[in-house]
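J.: This is the structure, below, for whatever I ask next.
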Amino acid sequence: MTPPRLTSSRQPLRLLQDRVATGLITAGGVGVLLAILAIGVFLIWETLPLLAIGESLALAKLSPLAWGTLKAALAALLFAIPVALGAAIYSALFMSARLRTRIKPALEMMEAIPGVVVGFIAGLILAPWVERHLASALVLMVWLPLSAGLAGLLWQLAKARLQRRLPLSWAGLWLIPWLALMVVIALWLAPWMEQLWLGGDLRQLLDQRFGMDYATRNALIVGLAMGFAVIPSIYSLAEDALADVPSTLIEGAQALGASRWQALWKVALAAAGPGIFSAVMIGAGRAVGETMIVLMASGNTALFSASPFEGMRSMAAAIAIELPEASPGGQTYHLLIFAALVLFIFTFLVNTLAEVVRQRLRRRYRQMGGTS
Amino acid sequence: MKAGKVNTASRRPRFNWLNDLWPWLCAASVALSLLMLGALLALLLVRGLGHFWPATLEEVTLRSGDTFAGHAVREVELPQQAGDERLYFTGNQDIEGARWRWVTIEEIAERAQPTDLIRLERSPWGDFIGRLSAIEQDGQRWEGDAAWHRLATLLALPASQRQESQLLLTTVDGQTLRQPLASVVSAQAPNAMSWWQKTHVWGDGVWRFLSEGPRAANTDGGVWPAIFGTVLMVILMSVMVTPFGVLAAIYLNEIAHQGRLTRLVRIGVRNLAGVPSIVYGVFGLGVFVYGIGGSLDEWFFSDTLPSPTFGTGGLLWASLTLALLTLPVVIVATEEGLARIPEAQREGAVALGATRLEMLTRIVLPMAAPAMLTGVILAVARAAGEVAPLMLVGVAKLAPQMPIDGEFPYLHLERKFMHLGYHLFDTAFHGEDVQAAIPLVYATALLLVLIVLVLNLTAIFLRHYLRRQRGNEC
Amino acid sequence: MLAPLHSANTAQVPVAHFSSEHSCLSIDHLSLAYAGKAALRDLTLSVPRHRVTAFIGPSGCGKSTLLRAINRLHDLNETVTHSGKITLEGQDIHDPQTNVTELRRRVGMVFQTPNPFPMSIYENVAFGLRLQQRLPKRKRDDIIEWALTSAALWDEVKDRLHRSAWQLSGGQQQRLVIARTLAVQPDVLLLDEPASALDPISTLKIEELIRNLKSELTLVLVTHNMQQAARVSDYTAFLHQGELVEYGPTDQVFTNPRLQHTENYITGRIT
């Protein structure tokens with residue numbers, strides 16, 4: 001049974017359709033890509049009139065903003081880098097695989113929390129609390145790492161049965177109540193210690209003894225809040241980099257008698273170094289550009305001050321506040337657009353650097369033949 | 001097995017500080033991050049939802065003999081160990097001139113919770129806390145419990161059918177007040193309520209928060225216009241970003257010559273996802289609002305100049321700006337989906353005589369659909385939480401008109417609109433009475449976080465499903 | 001069996017030639033390179049109509065490349081350059097007048113790993129048909145039944161035509177791909193190691209199918225399995241490093257190869 005021959009009357013139409021569609025997709029695709037490129041072109045174009053203005057004026061306006069941006073980003077990174085890298089090392093090297101599939105998305109969820117919510121909590125809840133309990137807050141920062149070490153020490157001394165029940169591979173989870181308990185203890189003890197050692201309020205002491213002003217919304221708060229926002233992006237990329245290190249490398253090092261510390265430091269971190277570097281770069285890019293958190297948690301005072309207890313105004317926040325009021329074509333307008341250009345170029349360069357480093361690293365792993 | 005897992009059997013005899021403790025610091029980092037995330041979510045949940053729970057009203061008598069009624073909000077330590085101070089919400093702004101009262105704990109002589117204390121939600125003047133002594137209507141008069149029942153029946157009717165009547169109110173310190181029924185929104189006697197009734201009131205409060213507009217300078221009422229504005233903007237944005245993002249991804253992955261230039265463009269697009277959102281806002285303001293919008297005004301709306309129509313921030317420009325902001329997200333996700341489709345599928349279609357268009361539309365795009373959907377959902381999640389660019393291109397504290405109404409052309413793209421994130425920022429930082437607004441800010445923040453998290457979880461689930469599907473195929 | 005017109009020893013290469021009335025496909029001085037790297041060198045041969053021709057040779061010898069060239073699949077890859085001529089029933093396939101989608105309809109291709117589309121069995125077979133023309137459902141159903149029957153799959157799937165094709169076994173998937181190709185009624189069917197990913201029983205079914213299809217159309221089979229070539233093909237071409245080494249009736253190539261090189265390969269001394 002042979003069916004009748006097919007006739008191909010639709011041939012020319014189909015080819016025409018194909019050609020037209022290909023043309024349209026090309027036009028659309030190139031158009032979209034050009035539109036994206038237009039951002040850079042627009043920023044540069046709008047900055048050109050600045051050349052006519054004296055540069056000392058621009059400098060006077062922008063340098064406190066640049067300082068504020070750097071200070072905020074630095075504060076955030078000081079908090080975020082240790083926590084994010086610690087978390088990445090733990091979940092790549094120690095965490096049980098089952099826990100890891102749950103924890104990783106949970107931590108990445110942190111990234112999704114809108115900046116405006118983090119900023120609100122930081123600016124209206126955390127900042128007044130820290131202002132009233134400065135000593136407690138500072139004590140907590142020292143106490144928490146110490147209590148983690150204490151947990152480790154107790155664990156080493158514990159009986160083998162308890163060790164089996166609370167293994168290190170699940171410590172990320174069962175340390176949570178421990179840390180919560182430690183926080184409560186610290187909060188309970190801190191006012192008492194403050195009284196005992198400092199003989200009163202720490203803030204007054206700072207003011208009287210060292211002449212340090214204390215602003216409610218300051219670099220400390222911004223660092224905590226923005227650090228919270230930056231942790232997930234650093235963590236996620238650094239974890240990927242560490243998990244990609246061929247496990248044979250670490251096992252090999254330990255087989256040669258290296259301790260766990262040496263295996264991590266000399267082998268895993270060395271091999272994943274570029275990946276971790278790019279993770280930190282991307283975190284820095286995010287910290288520099290984050291607007292709402294700085295806007296809500298920093299007090300927005302354009303100051304030149306290195307004190308962690310004073311506020312700052314970042315470029316992004318300045319743009320958000322001042323640009324809607326600036327008359328188009330005016331000097332402020334161009335200055336603010338220049339600030340946007342600086343942000344654009346900075347983040348673009350940082351991200352490109354990170355991406356290039358990451359791709360090179362991936363190629364190197366592929367050569368080692370260890371893709372896990 | 002993962003490398004470097006602890007082997008408890010071969011414990012070293014000597015305890016090595018460096019070697020044995022650092023894993024615990026790393027583990028504590030994970031625990032700390034989770035703790036912070038959990039604390040944030042718990043705080044938002046408790047404070048956001050707790051606000052709608054009818055608070056117990058207290059009648060407080062001070063040592064000075066002064067009495068007032070209200071509900072306790074929080075306690076704060078006084079400096080120099082001088083005891084604690086408690087904040088009460090007392091309402092009655094029209095009588096007392098203030099809605100808040102700080103008292104030190106030592107001052108309080110007596111606290112009682114009489115069941116006849118009521119709380120009236122009014123507009124204007126906000127809450128009243130005190131007692132209902134009588135209701136007068138057309139010469140009739142109800143007193144005591146009868147008055148309360150009468151009020152309940154009146155308020156159960158829709159606002160248009162309520163008869164004109166007067167409430168005679170007394171505060172706990174004996175001042176009286178006549179209140180027309182028309183200005184009363186709701187009434188409750190929380191101390192007399194059972195647990196079940198309180199749950200009912202709570203559900204009602206949540207519903208009214210979601211479905212009503214803001215009142216009393218954003219310190220009261222709901223966020224419905226903000227929800228509506230956010231959703232509308234996000235829908236408009238998706239309508240714009242989906243076709244263009246997919247188009248650009250198809251071009252990059254299927255049509256463009258896969259050379260050095262394409263690779264550079266791909267890295268560039270990927271990096272644009274990391275460019276701060278405020279920069280997109282600047283672009284939107286400069287190009288869309290002042291550039292295109294200004295020109296549109298000159299050409300079509302010159303009769304209303306100098307007051308701008310399109311030459312100022314608005315719904316259209318906000319959606320366009322966010323579409324541009326989320327383009328990289330959609331492009332990257334779609335490209336990943338396209339790259340994952342096995343070459344054999346494409347060749348199979350082409351070998352059967354399909355043109356490239358037919359191969360794309362019938363095989364490749366259906367297979368990449370979940371990836372595209374993931375990209376769009378991620379884009380929506382990002383756009384819903386983004387506030388900074390909107391401050392430049394078109395949100396309003398309180399938009400007088402909704403962007404959709406019955407007036408031609410029904411959808412008003414040039415109007416300003418309210419946005420959940422900006423509403424949160426504005427109420428928290430520029431409100432007149434921040435103290436009163438904070439519970440609502442919590443609720444708004446919770447709503448925003450829930451929306452964004454649900455969207456993200458959907459995307460994660462979709463991607464997971466996609467990977468599993470691909471796993472079956474291999 | 002169709003005998004070669006003359007088995008002349010032109011330029012050392014023992015090659016069978018067929019007159020134009022018996023030749024379905026002829027390849028004339030074809031060279032092809034991937035990004036400048038030669039994959040086929042000056043290849044000339046012709047494929048007889050309604051016969052099974054096998055291309056054998058060690059991996060990387062260019063046999064798959066040759067097959068893909070006949071379908072013009074290399075058009076998808078911009079780095080491929082070629083010279084020489086391929087004619088299908090006297091028509092130059094690279095001629096600008098030639099419609100490439102029509103060519104691909106006439107030259108069906110089956111790949112190494114089964115690649116059914118992620119749709120139902122019915123839709124897989126209907127895919128090519130829908131591209132060609134709008135048919136009434138009755139007629140389309142007839143063609144689909146015919147194609148599945150010809151691919152010896154109808155009895156196994158007739159009750160579950162609307163289930164996903166990915167649920168079929170590997171052998172069934174491969175026969176489905178053949179049915180899909182048959183449905184658009186090609187003149188030539190190119191099979192690129194169609195059984196390499198299958199178990200022995202499925203392999204035998206495919207081989208039987210290939211022998212049966214001979215009456216309908218011309219088949220070209222690429223395989224690295226010598227026994228398979230011997231079992232199913234009428235003519236065999238041996239390729240090595242992009243060059244045609246020997247081409248003739250299968251019996252002759254396997255039992256009495258003219259060149260030492262061919263014998264070495266067939267007996268497994270080189271791979």
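Letters A, B, ... mark the chains of the structure tokens in the order given; residue numbers begin at 1 per chain; ligand numbers begin at 1, in order shown.
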With chain A as the partner and 6 Å as the cut-off, tabulate the residues of chain B that qualify, each row holding the nearest pair of atoms and their distance in Å to one decimal, using only C-alpha atoms, sorted by chain and rising number, as a tab-separated table.
T.:
residue	atom	partner	partner_atom	distance
B:Ala3	CA	A:Ser247	CA	5.3
B:Lys5	CA	A:Phe94	CA	5.6
B:Asn19	CA	A:Trp261	CA	5.2
B:Leu21	CA	A:Gly152	CA	5.7
B:Trp24	CA	A:Gly152	CA	5.6
B:Leu25	CA	A:Ala148	CA	5.6
B:Cys26	CA	A:Gly86	CA	4.1
B:Ala27	CA	A:Gly172	CA	4.9
B:Ala28	CA	A:Ala148	CA	5.8
B:Ser29	CA	A:Ala87	CA	5.0
B:Val30	CA	A:Ala87	CA	4.6
B:Ala31	CA	A:Gly172	CA	4.8
B:Leu247	CA	A:Gly29	CA	5.5
B:Ala248	CA	A:Gly29	CA	3.9
B:Tyr251	CA	A:Gly29	CA	5.3
B:Asn271	CA	A:Asn351	CA	5.6
B:Val275	CA	A:Thr347	CA	5.7
B:Pro276	CA	A:Gly289	CA	4.6
B:Val279	CA	A:Ala340	CA	5.5
B:Leu357	CA	A:Asp18	CA	5.1
B:Gly385	CA	A:Pro114	CA	4.8
B:Leu392	CA	A:Pro324	CA	5.6
B:Ala445	CA	A:Val117	CA	5.7
J.: Could you please take those selected residues and save N, CA and C atoms as an mmCIF file, in the first residue's frame?
T.:
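New file again.cif:
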data_model
loop_
_atom_site.group_PDB
_atom_site.id
_atom_site.type_symbol
_atom_site.label_atom_id
_atom_site.label_comp_id
_atom_site.auth_asym_id
_atom_site.auth_seq_id
_atom_site.Cartn_x
_atom_site.Cartn_y
_atom_site.Cartn_z
ATOM 1 N N ALA B 3 34.936 15.413 49.447
ATOM 2 C CA ALA B 3 36.286 15.365 50.002
ATOM 3 C C ALA B 3 36.308 15.977 51.396
ATOM 4 N N LYS B 5 35.611 14.988 54.333
ATOM 5 C CA LYS B 5 34.604 14.734 55.357
ATOM 6 C C LYS B 5 35.315 14.240 56.628
ATOM 7 N N ASN B 19 43.373 23.340 63.379
ATOM 8 C CA ASN B 19 42.844 22.286 62.529
ATOM 9 C C ASN B 19 41.452 21.856 62.937
ATOM 10 N N LEU B 21 39.170 23.649 64.929
ATOM 11 C CA LEU B 21 38.123 24.635 65.198
ATOM 12 C C LEU B 21 37.587 25.357 63.973
ATOM 13 N N TRP B 24 34.244 24.592 62.433
ATOM 14 C CA TRP B 24 33.096 25.032 63.234
ATOM 15 C C TRP B 24 32.772 26.489 62.970
ATOM 16 N N LEU B 25 33.809 27.268 62.719
ATOM 17 C CA LEU B 25 33.539 28.671 62.365
ATOM 18 C C LEU B 25 32.791 28.732 61.046
ATOM 19 N N CYS B 26 33.214 27.870 60.105
ATOM 20 C CA CYS B 26 32.538 27.850 58.803
ATOM 21 C C CYS B 26 31.096 27.407 58.969
ATOM 22 N N ALA B 27 30.905 26.356 59.779
ATOM 23 C CA ALA B 27 29.536 25.869 60.000
ATOM 24 C C ALA B 27 28.698 26.955 60.650
ATOM 25 N N ALA B 28 29.333 27.692 61.570
ATOM 26 C CA ALA B 28 28.580 28.755 62.239
ATOM 27 C C ALA B 28 28.178 29.847 61.255
ATOM 28 N N SER B 29 28.983 30.051 60.192
ATOM 29 C CA SER B 29 28.602 31.064 59.194
ATOM 30 C C SER B 29 27.287 30.684 58.542
ATOM 31 N N VAL B 30 27.176 29.384 58.180
ATOM 32 C CA VAL B 30 25.914 28.936 57.581
ATOM 33 C C VAL B 30 24.788 29.131 58.583
ATOM 34 N N ALA B 31 25.050 28.698 59.826
ATOM 35 C CA ALA B 31 24.004 28.806 60.843
ATOM 36 C C ALA B 31 23.614 30.267 61.052
ATOM 37 N N LEU B 247 13.485 37.030 21.690
ATOM 38 C CA LEU B 247 14.014 37.335 20.356
ATOM 39 C C LEU B 247 15.535 37.468 20.389
ATOM 40 N N ALA B 248 16.017 38.236 21.375
ATOM 41 C CA ALA B 248 17.462 38.456 21.454
ATOM 42 C C ALA B 248 18.176 37.145 21.748
ATOM 43 N N TYR B 251 18.224 35.052 18.632
ATOM 44 C CA TYR B 251 19.217 35.590 17.703
ATOM 45 C C TYR B 251 20.625 35.190 18.125
ATOM 46 N N ASN B 271 26.708 40.580 32.036
ATOM 47 C CA ASN B 271 27.184 41.547 33.030
ATOM 48 C C ASN B 271 26.191 42.663 33.290
ATOM 49 N N VAL B 275 24.644 45.383 36.631
ATOM 50 C CA VAL B 275 24.702 46.844 36.684
ATOM 51 C C VAL B 275 23.618 47.327 37.644
ATOM 52 N N PRO B 276 23.943 48.270 38.535
ATOM 53 C CA PRO B 276 22.975 48.716 39.540
ATOM 54 C C PRO B 276 21.688 49.199 38.903
ATOM 55 N N VAL B 279 21.129 52.843 37.808
ATOM 56 C CA VAL B 279 21.655 53.309 36.524
ATOM 57 C C VAL B 279 20.585 53.178 35.444
ATOM 58 N N LEU B 357 12.807 28.357 10.437
ATOM 59 C CA LEU B 357 11.668 28.891 11.174
ATOM 60 C C LEU B 357 10.816 27.754 11.728
ATOM 61 N N GLY B 385 10.365 43.676 43.306
ATOM 62 C CA GLY B 385 11.048 44.153 44.494
ATOM 63 C C GLY B 385 11.885 45.390 44.267
ATOM 64 N N LEU B 392 12.809 57.356 40.112
ATOM 65 C CA LEU B 392 13.140 58.318 39.070
ATOM 66 C C LEU B 392 12.089 58.352 37.968
ATOM 67 N N ALA B 445 5.755 45.096 54.022
ATOM 68 C CA ALA B 445 7.017 44.408 53.768
ATOM 69 C C ALA B 445 6.782 42.907 53.669
#
J.: Using only C-alpha atoms, I'd like a table of the residues in chain C that come within 8 Å of chain B; for each, show the closest atom pair and its distance in Å rounded to one decimal, ordered by chain and ascending number, as CSV.
T.:
residue,atom,partner,partner_atom,distance
C:Asn71,CA,B:Ala351,CA,7.0
C:Leu73,CA,B:Ala351,CA,7.3
C:Glu78,CA,B:His257,CA,7.9
C:Val100,CA,B:Gly353,CA,7.7
C:Thr101,CA,B:Gly353,CA,4.3
C:Glu102,CA,B:Gly353,CA,6.2
C:Leu103,CA,B:Gly353,CA,7.3
C:Arg104,CA,B:Gly353,CA,4.7
C:Arg105,CA,B:Gly353,CA,4.7
C:Val107,CA,B:Ala351,CA,7.9
C:Gly108,CA,B:Leu352,CA,6.4
C:Met109,CA,B:Ala351,CA,5.9
C:Val110,CA,B:Gly348,CA,7.8
C:Phe111,CA,B:Gly348,CA,7.9
C:Asn115,CA,B:Gln345,CA,6.0
C:Pro116,CA,B:Gln345,CA,7.5
C:Phe117,CA,B:Gln345,CA,6.6
C:Pro118,CA,B:Met367,CA,7.7
C:Gly128,CA,B:Leu352,CA,5.7
C:Leu131,CA,B:Ala354,CA,6.7
C:Trp166,CA,B:Glu473,CA,7.4
C:Thr181,CA,B:Leu352,CA,6.4
C:Val184,CA,B:Leu352,CA,7.7
J.: Kindly save the residues from that selection, with N, CA, C and O atoms included, as an mmCIF file, in the first residue's frame.
T.:
data_model
loop_
_atom_site.group_PDB
_atom_site.id
_atom_site.type_symbol
_atom_site.label_atom_id
_atom_site.label_comp_id
_atom_site.auth_asym_id
_atom_site.auth_seq_id
_atom_site.Cartn_x
_atom_site.Cartn_y
_atom_site.Cartn_z
ATOM 1 N N ASN C 71 22.747 15.173 2.580
ATOM 2 C CA ASN C 71 21.549 15.819 3.108
ATOM 3 C C ASN C 71 21.727 17.325 3.227
ATOM 4 O O ASN C 71 20.831 18.051 3.633
ATOM 5 N N LEU C 73 23.340 18.787 5.437
ATOM 6 C CA LEU C 73 23.264 19.211 6.834
ATOM 7 C C LEU C 73 24.430 20.122 7.197
ATOM 8 O O LEU C 73 24.380 20.828 8.189
ATOM 9 N N GLU C 78 28.817 26.885 9.662
ATOM 10 C CA GLU C 78 29.408 27.858 8.731
ATOM 11 C C GLU C 78 30.867 27.584 8.418
ATOM 12 O O GLU C 78 31.402 28.128 7.462
ATOM 13 N N VAL C 100 16.517 23.548 -0.779
ATOM 14 C CA VAL C 100 17.197 22.667 0.166
ATOM 15 C C VAL C 100 16.211 21.905 1.052
ATOM 16 O O VAL C 100 16.433 20.745 1.373
ATOM 17 N N THR C 101 15.079 22.506 1.382
ATOM 18 C CA THR C 101 14.137 21.762 2.234
ATOM 19 C C THR C 101 13.498 20.622 1.434
ATOM 20 O O THR C 101 13.243 19.542 1.961
ATOM 21 N N GLU C 102 13.246 20.875 0.118
ATOM 22 C CA GLU C 102 12.699 19.823 -0.723
ATOM 23 C C GLU C 102 13.733 18.695 -0.870
ATOM 24 O O GLU C 102 13.403 17.511 -0.815
ATOM 25 N N LEU C 103 15.010 19.099 -1.009
ATOM 26 C CA LEU C 103 16.074 18.091 -1.099
ATOM 27 C C LEU C 103 16.069 17.216 0.153
ATOM 28 O O LEU C 103 16.162 15.993 0.069
ATOM 29 N N ARG C 104 15.944 17.881 1.317
ATOM 30 C CA ARG C 104 16.007 17.112 2.553
ATOM 31 C C ARG C 104 14.776 16.224 2.717
ATOM 32 O O ARG C 104 14.838 15.213 3.385
ATOM 33 N N ARG C 105 13.676 16.624 2.126
ATOM 34 C CA ARG C 105 12.524 15.736 2.163
ATOM 35 C C ARG C 105 12.826 14.491 1.323
ATOM 36 O O ARG C 105 12.517 13.367 1.709
ATOM 37 N N VAL C 107 15.704 13.262 0.639
ATOM 38 C CA VAL C 107 16.810 12.487 1.197
ATOM 39 C C VAL C 107 16.593 12.401 2.704
ATOM 40 O O VAL C 107 16.955 13.295 3.453
ATOM 41 N N GLY C 108 15.988 11.324 3.146
ATOM 42 C CA GLY C 108 15.723 11.178 4.578
ATOM 43 C C GLY C 108 16.990 10.796 5.318
ATOM 44 O O GLY C 108 17.921 10.247 4.745
ATOM 45 N N MET C 109 17.028 11.140 6.595
ATOM 46 C CA MET C 109 18.233 10.817 7.352
ATOM 47 C C MET C 109 17.867 10.310 8.741
ATOM 48 O O MET C 109 17.020 10.864 9.426
ATOM 49 N N VAL C 110 18.527 9.216 9.120
ATOM 50 C CA VAL C 110 18.323 8.630 10.447
ATOM 51 C C VAL C 110 19.658 8.661 11.175
ATOM 52 O O VAL C 110 20.689 8.284 10.614
ATOM 53 N N PHE C 111 19.626 9.135 12.435
ATOM 54 C CA PHE C 111 20.889 9.396 13.127
ATOM 55 C C PHE C 111 21.279 8.245 14.039
ATOM 56 O O PHE C 111 20.499 7.338 14.309
ATOM 57 N N ASN C 115 16.315 10.118 17.851
ATOM 58 C CA ASN C 115 15.978 11.472 18.295
ATOM 59 C C ASN C 115 14.530 11.806 18.051
ATOM 60 O O ASN C 115 14.205 12.740 17.351
ATOM 61 N N PRO C 116 13.614 11.018 18.634
ATOM 62 C CA PRO C 116 12.203 11.388 18.479
ATOM 63 C C PRO C 116 11.963 12.745 19.126
ATOM 64 O O PRO C 116 12.616 13.093 20.092
ATOM 65 N N PHE C 117 11.018 13.499 18.555
ATOM 66 C CA PHE C 117 10.691 14.802 19.130
ATOM 67 C C PHE C 117 9.868 14.603 20.398
ATOM 68 O O PHE C 117 9.201 13.574 20.544
ATOM 69 N N PRO C 118 9.890 15.574 21.280
ATOM 70 C CA PRO C 118 9.124 15.420 22.521
ATOM 71 C C PRO C 118 7.622 15.613 22.285
ATOM 72 O O PRO C 118 7.039 16.573 22.762
ATOM 73 N N GLY C 128 6.726 15.748 9.620
ATOM 74 C CA GLY C 128 7.189 16.066 8.264
ATOM 75 C C GLY C 128 6.025 16.325 7.331
ATOM 76 O O GLY C 128 6.072 17.219 6.486
ATOM 77 N N LEU C 131 4.591 19.737 7.522
ATOM 78 C CA LEU C 131 5.414 20.769 6.895
ATOM 79 C C LEU C 131 5.100 20.835 5.407
ATOM 80 O O LEU C 131 5.069 21.910 4.816
ATOM 81 N N TRP C 166 8.810 9.452 23.849
ATOM 82 C CA TRP C 166 9.988 9.199 24.685
ATOM 83 C C TRP C 166 9.792 7.993 25.584
ATOM 84 O O TRP C 166 10.709 7.552 26.255
ATOM 85 N N THR C 181 10.618 9.451 8.859
ATOM 86 C CA THR C 181 11.301 9.818 7.626
ATOM 87 C C THR C 181 10.551 9.264 6.421
ATOM 88 O O THR C 181 10.405 9.937 5.399
ATOM 89 N N VAL C 184 7.348 11.160 4.719
ATOM 90 C CA VAL C 184 7.429 12.218 3.706
ATOM 91 C C VAL C 184 7.903 11.665 2.369
ATOM 92 O O VAL C 184 8.206 12.419 1.448
#
J.: I'd like to know which of C:Arg68, C:Lys139, C:His22, C:Arg49 is closest to chain A, using only C-alpha atoms.
T.: C:Lys139
J.: Kindly assemble as a tab-separated table a list of the chain C residues that lie within 7 Å of chain A, each paired with its nearest atom pair and their distance in Å to one decimal, using only C-alpha atoms, sorted first by chain and then by ascending residue number.
T.:
residue	atom	partner	partner_atom	distance
C:Gln132	CA	A:Ser8	CA	5.8
C:Gln133	CA	A:Ser8	CA	6.5
C:Ile143	CA	A:Pro3	CA	6.1
J.: Please list as a PyMOL selection string every residue within 9 Å of Thr79 (chain C), counting only C-alpha atoms and excluding residues in the same chain fewer than 4 positions away.
T.: chain C and resi 33-36+74
J.: Can you tell me, as a PyMOL selection string, what residues are no more than 8 Å from His419 (chain B) when counting only C-alpha atoms, ignoring any on the same chain fewer than 2 positions away?
T.: chain B and resi 225-227+229-230+395-396+417+421-423
J.: Let me see the file: selected residues, N, CA, C and O atoms, as a PDB file, in the first residue's frame.
T.:
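Result file is result.pdb:
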ATOM      1  N   PRO B 225      -4.310  49.985  46.170  1.00  0.00           N
ATOM      2  CA  PRO B 225      -3.791  50.678  44.985  1.00  0.00           C
ATOM      3  C   PRO B 225      -2.338  50.329  44.701  1.00  0.00           C
ATOM      4  O   PRO B 225      -1.936  50.231  43.541  1.00  0.00           O
ATOM      5  N   ALA B 226      -1.571  50.106  45.783  1.00  0.00           N
ATOM      6  CA  ALA B 226      -0.162  49.762  45.574  1.00  0.00           C
ATOM      7  C   ALA B 226      -0.042  48.365  44.983  1.00  0.00           C
ATOM      8  O   ALA B 226       0.776  48.127  44.087  1.00  0.00           O
ATOM      9  N   ILE B 227      -0.839  47.425  45.461  1.00  0.00           N
ATOM     10  CA  ILE B 227      -0.819  46.086  44.877  1.00  0.00           C
ATOM     11  C   ILE B 227      -1.202  46.175  43.411  1.00  0.00           C
ATOM     12  O   ILE B 227      -0.536  45.625  42.535  1.00  0.00           O
ATOM     13  N   GLY B 229      -1.081  48.748  41.368  1.00  0.00           N
ATOM     14  CA  GLY B 229      -0.048  49.408  40.565  1.00  0.00           C
ATOM     15  C   GLY B 229       1.121  48.491  40.299  1.00  0.00           C
ATOM     16  O   GLY B 229       1.626  48.410  39.172  1.00  0.00           O
ATOM     17  N   THR B 230       1.563  47.778  41.337  1.00  0.00           N
ATOM     18  CA  THR B 230       2.701  46.870  41.170  1.00  0.00           C
ATOM     19  C   THR B 230       2.383  45.804  40.135  1.00  0.00           C
ATOM     20  O   THR B 230       3.170  45.557  39.210  1.00  0.00           O
ATOM     21  N   VAL B 395       6.777  56.568  40.271  1.00  0.00           N
ATOM     22  CA  VAL B 395       5.809  56.178  41.286  1.00  0.00           C
ATOM     23  C   VAL B 395       5.340  57.410  42.030  1.00  0.00           C
ATOM     24  O   VAL B 395       5.960  58.457  41.983  1.00  0.00           O
ATOM     25  N   ALA B 396       4.238  57.259  42.729  1.00  0.00           N
ATOM     26  CA  ALA B 396       3.702  58.376  43.491  1.00  0.00           C
ATOM     27  C   ALA B 396       3.400  57.902  44.895  1.00  0.00           C
ATOM     28  O   ALA B 396       3.100  56.745  45.114  1.00  0.00           O
ATOM     29  N   PHE B 417       1.641  55.967  39.393  1.00  0.00           N
ATOM     30  CA  PHE B 417       0.968  54.841  40.023  1.00  0.00           C
ATOM     31  C   PHE B 417       1.631  54.555  41.362  1.00  0.00           C
ATOM     32  O   PHE B 417       2.721  55.034  41.636  1.00  0.00           O
ATOM     33  N   GLY B 421       6.724  48.557  47.010  1.00  0.00           N
ATOM     34  CA  GLY B 421       8.047  48.823  47.566  1.00  0.00           C
ATOM     35  C   GLY B 421       8.208  50.296  47.899  1.00  0.00           C
ATOM     36  O   GLY B 421       8.693  50.661  48.970  1.00  0.00           O
ATOM     37  N   TYR B 422       7.765  51.151  46.975  1.00  0.00           N
ATOM     38  CA  TYR B 422       7.928  52.572  47.218  1.00  0.00           C
ATOM     39  C   TYR B 422       6.990  53.038  48.329  1.00  0.00           C
ATOM     40  O   TYR B 422       7.359  53.875  49.156  1.00  0.00           O
ATOM     41  N   HIS B 423       5.799  52.458  48.352  1.00  0.00           N
ATOM     42  CA  HIS B 423       4.843  52.762  49.410  1.00  0.00           C
ATOM     43  C   HIS B 423       5.474  52.472  50.776  1.00  0.00           C
ATOM     44  O   HIS B 423       5.384  53.262  51.711  1.00  0.00           O
TER      45      HIS B 423
END
J.: Would you list, as a PyMOL selection string, the residues of region 218-301 of chain A that end up in helix (DSSP H, G or I) under DSSP run on this structure's backbone?
T.: chain A and resi 219-244+247-255+260-289+292-297
J.: Region 135-239 of chain B: which residues are strand (DSSP E or B) by DSSP, as JSON, numbers by chain?
T.: {"B": [135, 136, 137, 140, 141, 142, 143, 166, 167, 168, 169, 170, 176, 177, 178, 179, 180, 184, 185, 186, 187, 188, 214, 215, 220, 221]}
